[in-house]
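Have a look at entry_34.tsv below; it lists TSV, N, CA and C atoms.
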chain	number	residue	atom	x	y	z
A	114	MET	N	-5.20	-10.54	13.38
A	114	MET	CA	-4.77	-9.42	12.58
A	114	MET	C	-4.53	-8.24	13.51
A	115	SER	N	-3.44	-7.54	13.29
A	115	SER	CA	-3.08	-6.41	14.13
A	115	SER	C	-3.57	-5.09	13.54
A	116	ALA	N	-3.86	-4.14	14.41
A	116	ALA	CA	-4.26	-2.80	13.99
A	116	ALA	C	-3.21	-1.81	14.48
A	117	TYR	N	-2.91	-0.81	13.65
A	117	TYR	CA	-1.89	0.18	13.94
A	117	TYR	C	-2.41	1.56	13.61
A	118	GLN	N	-1.94	2.55	14.33
A	118	GLN	CA	-2.19	3.94	13.98
A	118	GLN	C	-1.08	4.39	13.04
A	119	SER	N	-1.43	5.23	12.09
A	119	SER	CA	-0.45	5.77	11.16
A	119	SER	C	-0.85	7.19	10.82
A	120	THR	N	-0.01	7.86	10.03
A	120	THR	CA	-0.22	9.25	9.66
A	120	THR	C	0.01	9.41	8.17
A	121	LEU	N	-0.85	10.17	7.50
A	121	LEU	CA	-0.65	10.51	6.10
A	121	LEU	C	0.52	11.48	5.99
A	122	LEU	N	1.56	11.09	5.25
A	122	LEU	CA	2.75	11.92	5.09
A	122	LEU	C	2.74	12.71	3.79
A	123	GLY	N	2.08	12.17	2.76
A	123	GLY	CA	2.07	12.87	1.48
A	123	GLY	C	1.26	12.14	0.44
A	124	ARG	N	1.02	12.84	-0.66
A	124	ARG	CA	0.32	12.26	-1.80
A	124	ARG	C	0.96	12.80	-3.07
A	125	THR	N	0.99	11.95	-4.09
A	125	THR	CA	1.61	12.32	-5.35
A	125	THR	C	0.79	11.76	-6.50
A	126	GLU	N	0.53	12.57	-7.51
A	126	GLU	CA	-0.10	12.05	-8.71
A	126	GLU	C	0.97	11.31	-9.50
A	127	VAL	N	0.76	10.03	-9.78
A	127	VAL	CA	1.78	9.22	-10.46
A	127	VAL	C	1.41	8.91	-11.91
A	128	ALA	N	0.16	9.11	-12.28
A	128	ALA	CA	-0.33	8.95	-13.64
A	128	ALA	C	-1.69	9.64	-13.69
A	129	GLU	N	-2.27	9.74	-14.87
A	129	GLU	CA	-3.57	10.37	-14.99
A	129	GLU	C	-4.59	9.64	-14.13
A	130	ALA	N	-5.22	10.35	-13.21
A	130	ALA	CA	-6.25	9.82	-12.30
A	130	ALA	C	-5.73	8.71	-11.41
A	131	THR	N	-4.43	8.70	-11.15
A	131	THR	CA	-3.82	7.69	-10.29
A	131	THR	C	-2.91	8.41	-9.29
A	132	ALA	N	-3.04	8.06	-8.01
A	132	ALA	CA	-2.26	8.74	-6.98
A	132	ALA	C	-1.57	7.73	-6.07
A	133	ALA	N	-0.45	8.16	-5.53
A	133	ALA	CA	0.28	7.39	-4.52
A	133	ALA	C	0.15	8.15	-3.21
A	134	PHE	N	-0.03	7.40	-2.13
A	134	PHE	CA	-0.18	7.98	-0.80
A	134	PHE	C	0.89	7.37	0.10
A	135	GLN	N	1.64	8.25	0.79
A	135	GLN	CA	2.69	7.81	1.68
A	135	GLN	C	2.19	7.92	3.12
A	136	PHE	N	2.36	6.84	3.86
A	136	PHE	CA	1.97	6.80	5.26
A	136	PHE	C	3.16	6.44	6.13
A	137	GLU	N	3.14	6.93	7.36
A	137	GLU	CA	4.15	6.57	8.34
A	137	GLU	C	4.08	5.06	8.56
A	138	LYS	N	5.22	4.40	8.54
A	138	LYS	CA	5.26	2.96	8.84
A	138	LYS	C	5.25	2.82	10.36
A	139	PRO	N	4.20	2.22	10.91
A	139	PRO	CA	4.11	2.11	12.37
A	139	PRO	C	5.25	1.28	12.96
A	140	PRO	N	5.68	1.59	14.16
A	140	PRO	CA	6.68	0.76	14.82
A	140	PRO	C	6.18	-0.69	14.90
A	141	HIS	N	7.07	-1.61	14.68
A	141	HIS	CA	6.78	-3.05	14.76
A	141	HIS	C	5.86	-3.55	13.65
A	142	PHE	N	5.58	-2.74	12.62
A	142	PHE	CA	4.79	-3.21	11.49
A	142	PHE	C	5.73	-3.93	10.53
A	143	VAL	N	5.54	-5.22	10.40
A	143	VAL	CA	6.40	-6.06	9.56
A	143	VAL	C	5.52	-6.72	8.50
A	144	PHE	N	5.94	-6.65	7.23
A	144	PHE	CA	5.17	-7.28	6.17
A	144	PHE	C	6.11	-7.89	5.14
A	145	LYS	N	5.57	-8.77	4.32
A	145	LYS	CA	6.30	-9.36	3.21
A	145	LYS	C	5.88	-8.65	1.94
A	146	ALA	N	6.83	-8.47	1.03
A	146	ALA	CA	6.53	-7.84	-0.25
A	146	ALA	C	5.41	-8.61	-0.94
A	147	GLY	N	4.35	-7.91	-1.33
A	147	GLY	CA	3.20	-8.52	-1.99
A	147	GLY	C	1.97	-8.57	-1.11
A	148	GLN	N	2.11	-8.27	0.18
A	148	GLN	CA	0.95	-8.31	1.07
A	148	GLN	C	0.12	-7.03	0.96
A	149	TYR	N	-1.01	-7.02	1.65
A	149	TYR	CA	-1.92	-5.89	1.58
A	149	TYR	C	-2.42	-5.50	2.97
A	150	ILE	N	-3.07	-4.33	3.03
A	150	ILE	CA	-3.61	-3.80	4.29
A	150	ILE	C	-5.03	-3.30	4.07
A	151	ASP	N	-5.76	-3.15	5.17
A	151	ASP	CA	-7.01	-2.40	5.18
A	151	ASP	C	-6.69	-1.04	5.79
A	152	LEU	N	-7.04	0.01	5.09
A	152	LEU	CA	-6.79	1.38	5.52
A	152	LEU	C	-8.12	2.01	5.89
A	153	THR	N	-8.23	2.55	7.11
A	153	THR	CA	-9.47	3.14	7.59
A	153	THR	C	-9.27	4.62	7.90
A	154	ILE	N	-10.18	5.41	7.35
A	154	ILE	CA	-10.23	6.85	7.62
A	154	ILE	C	-11.39	7.05	8.59
A	155	THR	N	-11.14	7.73	9.70
A	155	THR	CA	-12.20	7.98	10.67
A	155	THR	C	-12.62	9.44	10.60
A	156	GLY	N	-13.84	9.72	11.05
A	156	GLY	CA	-14.31	11.10	11.08
A	156	GLY	C	-14.55	11.68	9.70
A	157	SER	N	-14.89	10.85	8.73
A	157	SER	CA	-15.11	11.31	7.36
A	157	SER	C	-16.42	12.07	7.23
A	158	GLN	N	-16.47	12.99	6.30
A	158	GLN	CA	-17.69	13.74	6.01
A	158	GLN	C	-18.62	12.94	5.10
A	159	HIS	N	-18.13	11.80	4.56
A	159	HIS	CA	-18.89	11.01	3.60
A	159	HIS	C	-19.59	9.85	4.31
A	160	GLY	N	-20.90	9.94	4.42
A	160	GLY	CA	-21.68	8.83	4.99
A	160	GLY	C	-21.34	8.58	6.44
A	161	SER	N	-20.94	7.34	6.74
A	161	SER	CA	-20.62	6.97	8.13
A	161	SER	C	-19.35	7.66	8.59
A	162	GLY	N	-19.06	7.56	9.85
A	162	GLY	CA	-17.87	8.19	10.39
A	162	GLY	C	-16.60	7.44	10.11
A	163	GLU	N	-16.70	6.24	9.50
A	163	GLU	CA	-15.52	5.42	9.26
A	163	GLU	C	-15.61	4.79	7.87
A	164	LEU	N	-14.53	4.95	7.08
A	164	LEU	CA	-14.47	4.36	5.74
A	164	LEU	C	-13.23	3.50	5.64
A	165	THR	N	-13.36	2.29	5.07
A	165	THR	CA	-12.24	1.37	4.95
A	165	THR	C	-12.10	0.89	3.52
A	166	HIS	N	-10.84	0.74	3.07
A	166	HIS	CA	-10.54	0.24	1.73
A	166	HIS	C	-9.29	-0.64	1.81
A	167	THR	N	-9.24	-1.66	1.00
A	167	THR	CA	-8.09	-2.56	0.96
A	167	THR	C	-7.10	-2.10	-0.10
A	168	PHE	N	-5.79	-2.10	0.26
A	168	PHE	CA	-4.74	-1.69	-0.67
A	168	PHE	C	-3.57	-2.67	-0.62
A	169	SER	N	-3.03	-3.00	-1.79
A	169	SER	CA	-1.75	-3.68	-1.84
A	169	SER	C	-0.69	-2.68	-1.42
A	170	ILE	N	0.31	-3.15	-0.70
A	170	ILE	CA	1.43	-2.29	-0.31
A	170	ILE	C	2.40	-2.22	-1.48
A	171	ALA	N	2.71	-1.03	-1.95
A	171	ALA	CA	3.60	-0.86	-3.10
A	171	ALA	C	5.05	-0.65	-2.67
A	172	SER	N	5.28	-0.30	-1.42
A	172	SER	CA	6.66	-0.07	-0.95
A	172	SER	C	7.31	-1.38	-0.54
A	173	SER	N	8.63	-1.34	-0.49
A	173	SER	CA	9.41	-2.50	-0.05
A	173	SER	C	9.36	-2.60	1.47
A	174	PRO	N	9.43	-3.81	2.01
A	174	PRO	CA	9.41	-3.96	3.48
A	174	PRO	C	10.52	-3.18	4.19
A	175	GLY	N	11.63	-2.92	3.53
A	175	GLY	CA	12.74	-2.22	4.16
A	175	GLY	C	12.61	-0.71	4.17
A	176	GLU	N	11.62	-0.17	3.49
A	176	GLU	CA	11.46	1.29	3.43
A	176	GLU	C	10.83	1.83	4.72
A	177	LYS	N	11.07	3.11	4.99
A	177	LYS	CA	10.59	3.74	6.22
A	177	LYS	C	9.13	4.16	6.14
A	178	GLU	N	8.58	4.23	4.94
A	178	GLU	CA	7.19	4.64	4.74
A	178	GLU	C	6.42	3.51	4.07
A	179	LEU	N	5.10	3.54	4.24
A	179	LEU	CA	4.22	2.63	3.51
A	179	LEU	C	3.64	3.40	2.34
A	180	LEU	N	3.69	2.80	1.18
A	180	LEU	CA	3.19	3.43	-0.03
A	180	LEU	C	2.04	2.61	-0.59
A	181	VAL	N	0.91	3.26	-0.86
A	181	VAL	CA	-0.20	2.62	-1.54
A	181	VAL	C	-0.55	3.49	-2.75
A	182	THR	N	-1.05	2.85	-3.78
A	182	THR	CA	-1.45	3.58	-4.99
A	182	THR	C	-2.87	3.20	-5.35
A	183	THR	N	-3.57	4.11	-6.02
A	183	THR	CA	-4.95	3.84	-6.39
A	183	THR	C	-5.40	4.70	-7.56
A	184	ARG	N	-6.34	4.17	-8.32
A	184	ARG	CA	-7.04	4.96	-9.32
A	184	ARG	C	-8.01	5.86	-8.55
A	185	MET	N	-8.03	7.11	-8.88
A	185	MET	CA	-8.87	8.06	-8.15
A	185	MET	C	-10.25	8.16	-8.81
A	186	ARG	N	-11.08	7.18	-8.48
A	186	ARG	CA	-12.46	7.15	-8.96
A	186	ARG	C	-13.36	7.90	-7.97
A	187	ILE	N	-14.60	8.14	-8.37
A	187	ILE	CA	-15.52	8.88	-7.52
A	187	ILE	C	-16.23	7.89	-6.59
A	188	THR	N	-15.62	7.70	-5.41
A	188	THR	CA	-16.23	6.89	-4.35
A	188	THR	C	-16.09	7.68	-3.05
A	189	ASP	N	-16.90	7.35	-2.07
A	189	ASP	CA	-16.81	8.04	-0.79
A	189	ASP	C	-15.41	7.92	-0.21
A	190	PHE	N	-14.85	6.70	-0.24
A	190	PHE	CA	-13.53	6.50	0.35
A	190	PHE	C	-12.47	7.33	-0.36
A	191	LYS	N	-12.43	7.26	-1.68
A	191	LYS	CA	-11.36	7.94	-2.41
A	191	LYS	C	-11.50	9.46	-2.36
A	192	GLU	N	-12.72	9.95	-2.30
A	192	GLU	CA	-12.91	11.39	-2.12
A	192	GLU	C	-12.43	11.81	-0.74
A	193	ALA	N	-12.71	11.00	0.28
A	193	ALA	CA	-12.24	11.31	1.64
A	193	ALA	C	-10.72	11.24	1.71
A	194	LEU	N	-10.13	10.24	1.06
A	194	LEU	CA	-8.67	10.10	1.07
A	194	LEU	C	-8.00	11.27	0.36
A	195	SER	N	-8.53	11.68	-0.77
A	195	SER	CA	-7.91	12.79	-1.51
A	195	SER	C	-8.04	14.11	-0.77
A	196	ALA	N	-9.06	14.25	0.09
A	196	ALA	CA	-9.26	15.48	0.87
A	196	ALA	C	-8.59	15.44	2.24
A	197	LEU	N	-8.06	14.29	2.62
A	197	LEU	CA	-7.46	14.13	3.95
A	197	LEU	C	-6.23	15.03	4.10
A	198	PRO	N	-6.19	15.87	5.10
A	198	PRO	CA	-5.03	16.75	5.28
A	198	PRO	C	-3.77	15.94	5.63
A	199	ILE	N	-2.64	16.40	5.12
A	199	ILE	CA	-1.35	15.79	5.48
A	199	ILE	C	-1.22	15.87	7.00
A	200	GLY	N	-0.77	14.78	7.61
A	200	GLY	CA	-0.64	14.72	9.06
A	200	GLY	C	-1.83	14.08	9.75
A	201	SER	N	-2.88	13.76	8.98
A	201	SER	CA	-4.06	13.14	9.57
A	201	SER	C	-3.79	11.70	9.98
A	202	ALA	N	-4.46	11.27	11.02
A	202	ALA	CA	-4.33	9.90	11.53
A	202	ALA	C	-5.25	8.96	10.75
A	203	VAL	N	-4.76	7.75	10.52
A	203	VAL	CA	-5.53	6.68	9.90
A	203	VAL	C	-5.25	5.40	10.68
A	204	ARG	N	-6.08	4.38	10.45
A	204	ARG	CA	-5.83	3.07	11.05
A	204	ARG	C	-5.47	2.08	9.94
A	205	ILE	N	-4.46	1.28	10.21
A	205	ILE	CA	-4.02	0.25	9.28
A	205	ILE	C	-4.22	-1.11	9.95
A	206	GLU	N	-4.86	-2.03	9.25
A	206	GLU	CA	-5.00	-3.39	9.75
A	206	GLU	C	-4.27	-4.32	8.79
A	207	GLY	N	-3.52	-5.25	9.36
A	207	GLY	CA	-2.77	-6.19	8.53
A	207	GLY	C	-1.39	-6.39	9.10
A	208	PRO	N	-0.49	-6.86	8.30
A	208	PRO	CA	-0.63	-7.18	6.88
A	208	PRO	C	-1.38	-8.49	6.68
A	209	MET	N	-1.89	-8.64	5.45
A	209	MET	CA	-2.63	-9.84	5.10
A	209	MET	C	-2.16	-10.34	3.73
A	210	GLY	N	-2.45	-11.60	3.47
A	210	GLY	CA	-2.20	-12.17	2.15
A	210	GLY	C	-0.93	-12.97	2.06
A	211	SER	N	-0.92	-13.87	1.08
A	211	SER	CA	0.25	-14.74	0.87
A	211	SER	C	0.77	-14.64	-0.56
A	212	PHE	N	0.41	-13.58	-1.28
A	212	PHE	CA	0.87	-13.37	-2.65
A	212	PHE	C	2.28	-12.77	-2.60
A	213	CYS	N	3.27	-13.64	-2.41
A	213	CYS	CA	4.65	-13.20	-2.21
A	213	CYS	C	5.58	-13.89	-3.20
A	214	LEU	N	6.70	-13.29	-3.45
A	214	LEU	CA	7.71	-13.84	-4.34
A	214	LEU	C	8.33	-15.08	-3.72
A	215	HIS	N	8.57	-16.09	-4.54
A	215	HIS	CA	9.20	-17.32	-4.05
A	215	HIS	C	10.63	-17.03	-3.58
A	216	ASN	N	11.20	-17.91	-2.78
A	216	ASN	CA	12.53	-17.72	-2.20
A	216	ASN	C	13.65	-18.33	-3.02
A	217	ASN	N	13.34	-19.10	-4.04
A	217	ASN	CA	14.36	-19.77	-4.85
A	217	ASN	C	14.94	-18.79	-5.86
A	218	THR	N	16.11	-18.22	-5.57
A	218	THR	CA	16.72	-17.22	-6.45
A	218	THR	C	17.20	-17.80	-7.77
A	219	ALA	N	17.33	-19.11	-7.87
A	219	ALA	CA	17.73	-19.74	-9.13
A	219	ALA	C	16.55	-19.87	-10.09
A	220	ARG	N	15.34	-19.77	-9.58
A	220	ARG	CA	14.14	-19.89	-10.41
A	220	ARG	C	13.64	-18.50	-10.80
A	221	PRO	N	13.52	-18.23	-12.10
A	221	PRO	CA	13.04	-16.90	-12.52
A	221	PRO	C	11.60	-16.67	-12.10
A	222	ALA	N	11.25	-15.41	-12.03
A	222	ALA	CA	9.87	-15.01	-11.76
A	222	ALA	C	9.41	-14.12	-12.90
A	223	VAL	N	8.20	-14.33	-13.34
A	223	VAL	CA	7.61	-13.53	-14.41
A	223	VAL	C	6.42	-12.79	-13.82
A	224	PHE	N	6.37	-11.48	-14.05
A	224	PHE	CA	5.29	-10.65	-13.53
A	224	PHE	C	4.43	-10.17	-14.69
A	225	LEU	N	3.13	-10.30	-14.56
A	225	LEU	CA	2.20	-9.83	-15.57
A	225	LEU	C	1.05	-9.13	-14.85
A	226	ALA	N	0.92	-7.83	-15.09
A	226	ALA	CA	-0.12	-7.06	-14.42
A	226	ALA	C	-0.61	-5.96	-15.34
A	227	GLY	N	-1.79	-5.50	-15.07
A	227	GLY	CA	-2.32	-4.37	-15.81
A	227	GLY	C	-2.74	-3.28	-14.84
A	228	GLY	N	-2.55	-2.04	-15.24
A	228	GLY	CA	-3.00	-0.91	-14.44
A	228	GLY	C	-2.44	-0.90	-13.03
A	229	ILE	N	-3.31	-0.61	-12.08
A	229	ILE	CA	-2.91	-0.47	-10.69
A	229	ILE	C	-2.51	-1.82	-10.09
A	230	GLY	N	-2.80	-2.92	-10.79
A	230	GLY	CA	-2.41	-4.25	-10.33
A	230	GLY	C	-0.92	-4.45	-10.21
A	231	ILE	N	-0.16	-3.47	-10.65
A	231	ILE	CA	1.30	-3.54	-10.56
A	231	ILE	C	1.81	-3.29	-9.14
A	232	ALA	N	0.98	-2.76	-8.25
A	232	ALA	CA	1.42	-2.36	-6.91
A	232	ALA	C	2.14	-3.47	-6.14
A	233	PRO	N	1.59	-4.69	-6.01
A	233	PRO	CA	2.34	-5.70	-5.25
A	233	PRO	C	3.64	-6.10	-5.94
A	234	PHE	N	3.66	-6.05	-7.27
A	234	PHE	CA	4.88	-6.38	-8.00
A	234	PHE	C	5.97	-5.34	-7.75
A	235	LEU	N	5.58	-4.08	-7.65
A	235	LEU	CA	6.54	-3.02	-7.33
A	235	LEU	C	7.20	-3.30	-6.00
A	236	SER	N	6.41	-3.72	-5.01
A	236	SER	CA	6.96	-4.07	-3.70
A	236	SER	C	7.93	-5.24	-3.81
A	237	MET	N	7.54	-6.27	-4.55
A	237	MET	CA	8.39	-7.46	-4.70
A	237	MET	C	9.70	-7.14	-5.41
A	238	VAL	N	9.61	-6.42	-6.52
A	238	VAL	CA	10.81	-6.11	-7.31
A	238	VAL	C	11.75	-5.19	-6.54
A	239	SER	N	11.21	-4.16	-5.89
A	239	SER	CA	12.09	-3.24	-5.15
A	239	SER	C	12.72	-3.93	-3.95
A	240	HIS	N	12.04	-4.93	-3.38
A	240	HIS	CA	12.61	-5.69	-2.27
A	240	HIS	C	13.67	-6.68	-2.76
A	241	ALA	N	13.41	-7.34	-3.88
A	241	ALA	CA	14.31	-8.38	-4.39
A	241	ALA	C	15.56	-7.81	-5.05
A	242	ALA	N	15.46	-6.65	-5.67
A	242	ALA	CA	16.59	-6.11	-6.43
A	242	ALA	C	17.86	-5.96	-5.61
A	243	PRO	N	17.84	-5.29	-4.47
A	243	PRO	CA	19.09	-5.16	-3.70
A	243	PRO	C	19.59	-6.50	-3.16
A	244	ALA	N	18.67	-7.37	-2.77
A	244	ALA	CA	19.06	-8.64	-2.16
A	244	ALA	C	19.63	-9.61	-3.19
A	245	ARG	N	19.24	-9.45	-4.43
A	245	ARG	CA	19.64	-10.42	-5.45
A	245	ARG	C	20.57	-9.83	-6.48
A	246	GLY	N	21.14	-8.68	-6.19
A	246	GLY	CA	22.11	-8.08	-7.11
A	246	GLY	C	21.49	-7.47	-8.33
A	247	GLY	N	20.27	-7.06	-8.25
A	247	GLY	CA	19.61	-6.39	-9.37
A	247	GLY	C	18.57	-7.26	-10.02
A	248	VAL	N	17.76	-6.62	-10.83
A	248	VAL	CA	16.69	-7.32	-11.56
A	248	VAL	C	17.02	-7.24	-13.04
A	249	ARG	N	16.84	-8.36	-13.71
A	249	ARG	CA	17.11	-8.37	-15.16
A	249	ARG	C	15.83	-8.23	-15.93
For the structure just supplied, provide its representation as structure tokens.
Amino acid sequence: MSAYQSTLLGRTEVAEATAAFQFEKPPHFVFKAGQYIDLTITGSQHGSGELTHTFSIASSPGEKELLVTTRMRITDFKEALSALPIGSAVRIEGPMGSFCLHNNTARPAVFLAGGIGIAPFLSMVSHAAPARGGVR
């Protein structure tokens, strides 16, 4: 598994108590739609000096930024992430996982998710739409 340095570029509230975080996509970071990463914040004021959380990647592999989304619950990691200044450095490990869309464009795909579980599907659909002439 590879580790990369990245930078927090922005944060956006996307629903009640749910936020999206944009990170710089490191050079040579290649992933498949549906994969996930471990995101580590160093130098945190919460407990140990290092906090790590696993996130599905919500952005398409072709995008210039990495997008992750999360419910903003009261945990050390999420409090540290919400307080992290724009421009702060983070470590990304991955990509990991094999939960990816099949390659047979003649075979339909059905997505069923609840809540924040939609993140890997967002990556898959946004990646497949341009390549397959749109999503029905």
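The space separating CA of Phe134 in chain A from CA of Glu163 in chain A comes to 18.5 Å.
For the choices A:Ala242, A:Pro174, A:Pro198, A:Ala219, the atom-to-atom distance to Phe142 in chain A is smallest for A:Pro174 when using all atoms listed in the file.
Interatomic distance, atom C of Ala146 in chain A against atom C of Cys213 in chain A: 5.7 Å.
Considering the residues A:Leu164, A:Ile150, A:Leu180, A:Val203 and counting only C-alpha atoms, Arg124 in chain A has its shortest atom-to-atom contact with A:Leu180.
Here atom C of Asn216 in chain A and atom C of Tyr149 in chain A stand 21.4 Å from one another.
Compared by their closest atoms to Ile199 in chain A, and using only N, CA and C atoms, the residues A:Val127, A:Ile231, A:Leu121, A:Val238 rank with A:Leu121 nearest.
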I need the residue nearest Lys145 in chain A from this list: A:Ala196, A:Phe190, A:Glu178, A:Ser172. Use only C-alpha atoms for the distance. A:Ser172
Give the padded box for range 192-205 of chain A as lines of an AutoDock Vina configuration file: axis-aligned, covering all atoms listed in the file, 4 Å on each side, centre and edge lengths in Å to one decimal.
center_x = -6.8
center_y = 7.8
center_z = 4.6
size_x = 20.3
size_y = 25.9
size_z = 21.8
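Closest to Ala171 in chain A among A:Thr183, A:Ser236, A:Thr131, A:Thr153 is A:Ser236, based on only N, CA and C atoms.
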